[in-house]
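*Asks:* First, the structure itself, so that you have it in front of you.
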Amino acid sequence: MLIVVAGSTGLIGRAIVSELREAGHKVRRLVRREPAAQDEHRWDPPSGTIPRDAFDGVDAVINLCGSSVQGRWNAERKRRIRASRIEPARTLAEAVAEYGIPTLLNASSLSFYGNTGDDVADETSGLGRGFLAEMVVDWEAATTVARDAGSRVVLLRTGLVLSSDGGLLSLLRPPIRLGVGGRLGDGRQYVAWISLPDEVAAIRFLLENPDISGPVNLCAPEPVTNGEFTKALGRALQRPVYLPVPKAVVRAVLGESADELALISLRAVPRVLCEAGFTFRHVDFDAALADVL
């Protein structure tokens with residue numbers, strides 16, 4: 001297959017490009033700077049500018065664009081978070097529709113479900129509340145033009161990706177190693193996680209299985225609580241995790257984002273992937289950490 005990948009410089013993007021090429025697929029990358037390699041094509045999502053020749057003979061498009069949501073939010077930061085996702089999704093969906101490309105795999109987030117508490121959320125669960133949930137609705141809606149044109153659209157609702165090369169683990173390791181890490185709040189909130197190898201394998205699985213469309217939860221079958229997560233990370237790094245961080249402190253540090261990132265409970269499961277026969281490499285959280293750290 002010939003596949004166009006947008007967002008190829010991110011954690012998941014780099015890994016999926018490598019995986020696809022090793023599997024024998026051909027990849028073209030969309031970049032926002034001057035092309036530095038033959039497989040690169042420059043585009044500009046805010047203006048909708050995209051090179052026609054980038055889509056010649058293409059079988060599928062994978063869109064992984066989106067800036068980090070970590071840290072404090074203000075009005076401008078929230079605007080950038082939305083724009084970095086919705087503008088590329090809309091531009092690519094329009095291109096997929098215009099050029100008759102059969103498949104679009106578009107990044108999305110488990111934040112769609114909001115705070116699930118102890119309830120389990122799968123792809124049939126309804127919309128939650130909050131800035132991120134509302135943003136995901138608009139993000140996914142930006143792909144509608146491709147679906148309406150007859151293309152297969154898969155929405156990659158991804159959880160916390162475990163990797164030693166970046167992501168949230170790179171932020172959590174330093175305080176744990178210094179002995180000042182601990183659970184957030186009461187630690188009972190659930191974390192829906194997936195290892196980077198499983199994230200990449202799942203995207204390839206969805207790419208190569210034409211019968212699957214719509215939202216797909218990309219997370220391990222067994223979510224863990226924040227308390228379990230923190231203890232496991234301490235074990236993996238051989239450090240104690242004695243100091244819980246009160247909710248008030250988390251909110252003071254993160255502001256509005258605290259309740260949607262650090263204190264939210266997301267007990268999501270990958271029903272579609274499991275029913276389709278996808279085999280996870282990492283189901284046990286401790287084993288996943290041991291492999292990726």
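Residues are named by chain letter and number: chains run A, B, ... in the order of the structure tokens, numbers start at 1 in each chain, and ligands are numbered from 1 in the order shown.
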Give me the residues near range 162-166 of chain A as a PyMOL selection string, where near means some atom within 6 Å (using only C-alpha atoms) and where sequence neighbours in that chain fewer than 2 positions away do not count.

*Replies:* chain A and resi 170+195-196+292-293

*Asks:* Could those selected residues go to a file with N, CA, C and O atoms, as a PDB file, in the first residue's frame?

*Replies:*
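The resulting file, result.pdb, is shown below:
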ATOM      1  N   SER A 170       8.009  10.509  30.300  1.00  0.00           N
ATOM      2  CA  SER A 170       9.221  11.327  30.385  1.00  0.00           C
ATOM      3  C   SER A 170       9.070  12.439  31.418  1.00  0.00           C
ATOM      4  O   SER A 170      10.063  12.917  31.977  1.00  0.00           O
ATOM      5  N   SER A 195       0.794   0.532  25.374  1.00  0.00           N
ATOM      6  CA  SER A 195       2.218   0.639  25.068  1.00  0.00           C
ATOM      7  C   SER A 195       2.396   1.132  23.640  1.00  0.00           C
ATOM      8  O   SER A 195       1.524   0.926  22.780  1.00  0.00           O
ATOM      9  N   LEU A 196       3.507   1.798  23.375  1.00  0.00           N
ATOM     10  CA  LEU A 196       3.759   2.285  22.021  1.00  0.00           C
ATOM     11  C   LEU A 196       3.780   1.141  20.999  1.00  0.00           C
ATOM     12  O   LEU A 196       3.196   1.288  19.918  1.00  0.00           O
ATOM     13  N   VAL A 292       9.171  -0.948  28.220  1.00  0.00           N
ATOM     14  CA  VAL A 292       9.337   0.356  27.581  1.00  0.00           C
ATOM     15  C   VAL A 292      10.299   1.274  28.315  1.00  0.00           C
ATOM     16  O   VAL A 292      10.804   2.247  27.726  1.00  0.00           O
ATOM     17  N   LEU A 293      10.581   1.012  29.592  1.00  0.00           N
ATOM     18  CA  LEU A 293      11.483   1.897  30.330  1.00  0.00           C
ATOM     19  C   LEU A 293      12.943   1.508  30.116  1.00  0.00           C
ATOM     20  O   LEU A 293      13.255   0.362  29.846  1.00  0.00           O
TER      21      LEU A 293
END

*Asks:* Which neighbours of range 91-108 of chain A fall inside 9 Å, counting only C-alpha atoms, when residues of the same chain fewer than 6 positions from it are skipped, and could you give them as a ChimeraX atom specification?

*Replies:* /A:6,44-50,52,55-66,85,136,139-140,142-158,203,206-207,210,213,215

*Asks:* DSSP on the backbone: which residues in range 33-141 of chain A end up as helix (DSSP H, G or I)? Give the answer as JSON, numbers by chain.

*Replies:* {"A": [45, 46, 47, 52, 53, 54, 55, 75, 76, 77, 78, 79, 80, 81, 82, 83, 84, 85, 86, 87, 88, 89, 90, 91, 92, 93, 94, 95, 96, 97, 98, 99, 110, 111, 112, 113, 131, 132, 133, 134, 135, 136, 137, 138, 139, 140, 141]}

*Asks:* Need to verify the contact set: Val17 in chain A, 10 Å, only C-alpha atoms, exclusion of same-chain residues closer than 6 positions in sequence. Can you return it as a list of chain:residue names?

*Replies:*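 Close residues of Val17 in chain A: A:Ile3, A:Val4, A:Val5, A:Ser8, A:Thr9, A:Ala23, A:His25, A:Lys26, A:Val27, A:Arg28, A:Arg29, A:Ile62, A:Val200.
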
*Asks:* Restrict the selected residues to C-alpha atoms and save them as a PDB file, in the first residue's frame.

*Replies:*
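selection_12.pdb, written as the output of this step:
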ATOM      1  CA  ILE A   3       0.204   5.635   2.596  1.00  0.00           C
ATOM      2  CA  VAL A   4       0.358   9.357   3.352  1.00  0.00           C
ATOM      3  CA  VAL A   5       1.226  10.145   6.978  1.00  0.00           C
ATOM      4  CA  SER A   8       5.127  11.851  11.238  1.00  0.00           C
ATOM      5  CA  THR A   9       7.589  13.655  13.539  1.00  0.00           C
ATOM      6  CA  ALA A  23       6.082  -4.220   6.656  1.00  0.00           C
ATOM      7  CA  HIS A  25       4.354  -0.416   2.624  1.00  0.00           C
ATOM      8  CA  LYS A  26       5.421   2.821   0.919  1.00  0.00           C
ATOM      9  CA  VAL A  27       5.078   6.047   2.901  1.00  0.00           C
ATOM     10  CA  ARG A  28       4.824   9.706   1.961  1.00  0.00           C
ATOM     11  CA  ARG A  29       5.114  12.279   4.739  1.00  0.00           C
ATOM     12  CA  ILE A  62      -3.036   8.451   8.460  1.00  0.00           C
ATOM     13  CA  VAL A 200       1.585   1.072  16.377  1.00  0.00           C
TER      14      VAL A 200
END

*Asks:* Taking only C-alpha atoms into account, name the residue in A:Pro246, A:Pro197, A:Gly114, A:Gly214 that is nearest to Glu19 in chain A.

*Replies:*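 Of the candidates, the smallest distance to Glu19 in chain A is held by A:Pro197.
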
*Asks:* Between A:Ala36, A:Ala287, A:Ala236, A:Leu160, which has the minimum distance to Leu261 in chain A (counting only C-alpha atoms)?

*Replies:*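 Using only C-alpha atoms, the shortest distance to Leu261 in chain A belongs to A:Leu160.
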
*Asks:* Contacts of Val31 in chain A at 7 Å or less, counting only C-alpha atoms, minus same-chain residues fewer than 3 places along, as a ChimeraX atom specification?

*Replies:* /A:35,40-43

*Asks:* Which residues come within 9 Å of Gly181 in chain A, counting only C-alpha atoms, excluding same-chain residues fewer than 5 positions away, as a PyMOL selection string?

*Replies:* chain A and resi 172-176+230+234+240-245

*Asks:* Select from range 46-167 of chain A everything DSSP, run on the backbone, classes as strand (DSSP E), then give the selection as number ranges by chain.

*Replies:* A: 60-63, 103-109, 152-158, 160-162

*Asks:* Take the residues just selected and output them with C-alpha atoms as a CSV table (one decimal), in the first residue's frame.

*Replies:*
chain,number,residue,atom,x,y,z
A,60,ALA,CA,-4.7,5.5,2.7
A,61,VAL,CA,-4.0,8.6,4.8
A,62,ILE,CA,-3.0,8.5,8.5
A,63,ASN,CA,-3.5,11.7,10.3
A,103,THR,CA,-9.2,5.0,3.8
A,104,LEU,CA,-8.6,7.7,6.4
A,105,LEU,CA,-7.3,6.8,9.8
A,106,ASN,CA,-7.6,10.0,11.9
A,107,ALA,CA,-6.2,10.5,15.4
A,108,SER,CA,-8.7,11.1,18.2
A,109,SER,CA,-8.8,10.7,22.0
A,152,ARG,CA,-13.6,4.3,5.2
A,153,VAL,CA,-12.9,6.5,8.2
A,154,VAL,CA,-11.4,5.1,11.4
A,155,LEU,CA,-11.2,7.3,14.5
A,156,LEU,CA,-8.2,6.4,16.6
A,157,ARG,CA,-9.3,7.2,20.2
A,158,THR,CA,-6.0,6.8,21.9
A,160,LEU,CA,-2.0,7.3,27.5
A,161,VAL,CA,0.9,5.9,25.3
A,162,LEU,CA,3.7,4.3,27.3

*Asks:* From the list A:Asp291, A:Glu22, A:Glu256, A:Glu134, which residue is nearest Asn74 in chain A when using only C-alpha atoms?

*Replies:* A:Glu256

*Asks:* Quick one: residues within 8 Å of Glu260 in chain A, only C-alpha atoms counted, chain neighbours fewer than 3 positions away excluded, as a compact mmCIF listing (two decimals) with C-alpha atoms, in the first residue's frame?

*Replies:*
# COMPACT_ATOMS: atom_id res chain seq x y z
CA GLY A 114 -15.07 12.50 29.80
CA ASN A 115 -14.89 11.37 33.42
CA GLY A 130 -15.45 19.10 29.43
CA LEU A 132 -11.46 17.96 25.72
CA GLU A 256 -8.32 24.08 34.69
CA SER A 257 -6.57 21.15 33.02
CA LEU A 263 -7.65 13.80 38.21
CA ILE A 264 -10.05 12.46 35.58

*Asks:* Mind running range 70-155 of chain A against range 267-283 of chain A at 9 Å and telling me each contacting residue's nearest atom pair with the distance in Å (one decimal), counting only C-alpha atoms, chain and number ascending, as a Markdown table?

*Replies:*
| residue | atom | partner | partner_atom | distance |
| --- | --- | --- | --- | --- |
| A:Leu110 | CA | A:Ala268 | CA | 7.4 |
| A:Tyr113 | CA | A:Ala268 | CA | 8.3 |
| A:Asn115 | CA | A:Arg267 | CA | 8.5 |
| A:Thr116 | CA | A:Arg267 | CA | 6.2 |
| A:Gly117 | CA | A:Arg267 | CA | 7.1 |
| A:Asp118 | CA | A:Arg267 | CA | 6.6 |
| A:Asp119 | CA | A:Arg267 | CA | 6.5 |
| A:Val120 | CA | A:Arg267 | CA | 5.2 |
| A:Ala121 | CA | A:Ala268 | CA | 4.5 |
| A:Asp122 | CA | A:Val269 | CA | 5.4 |
| A:Glu123 | CA | A:Arg271 | CA | 6.9 |

*Asks:* What separation in Å, quoted to one decimal, exists between CA of Phe112 in chain A and CA of Ala141 in chain A?

*Replies:*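 Straight-line distance from CA of Phe112 in chain A to CA of Ala141 in chain A works out to 12.2 Å.
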
*Asks:* Residues near Ala248 in chain A, anyone? I mean within 12 Å using only C-alpha atoms, not counting same-chain ones fewer than 5 positions away, as a list of chain:residue names.

*Replies:*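 The filter keeps A:Leu184, A:Gly185, A:Asp186, A:Val253, A:Leu254, A:Gly255, A:Glu256, A:Ala258, A:Asp259, A:Ala262, A:Leu263.
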
*Asks:* So how far away is CA of Glu208 in chain A from CA of Leu289 in chain A, in Å?

*Replies:* 27.8 Å

*Asks:* Of the residues A:Leu2, A:Ala288, A:Ala89, A:Ile16, which is the one nearest to Asp39 in chain A, using only C-alpha atoms?

*Replies:* A:Leu2
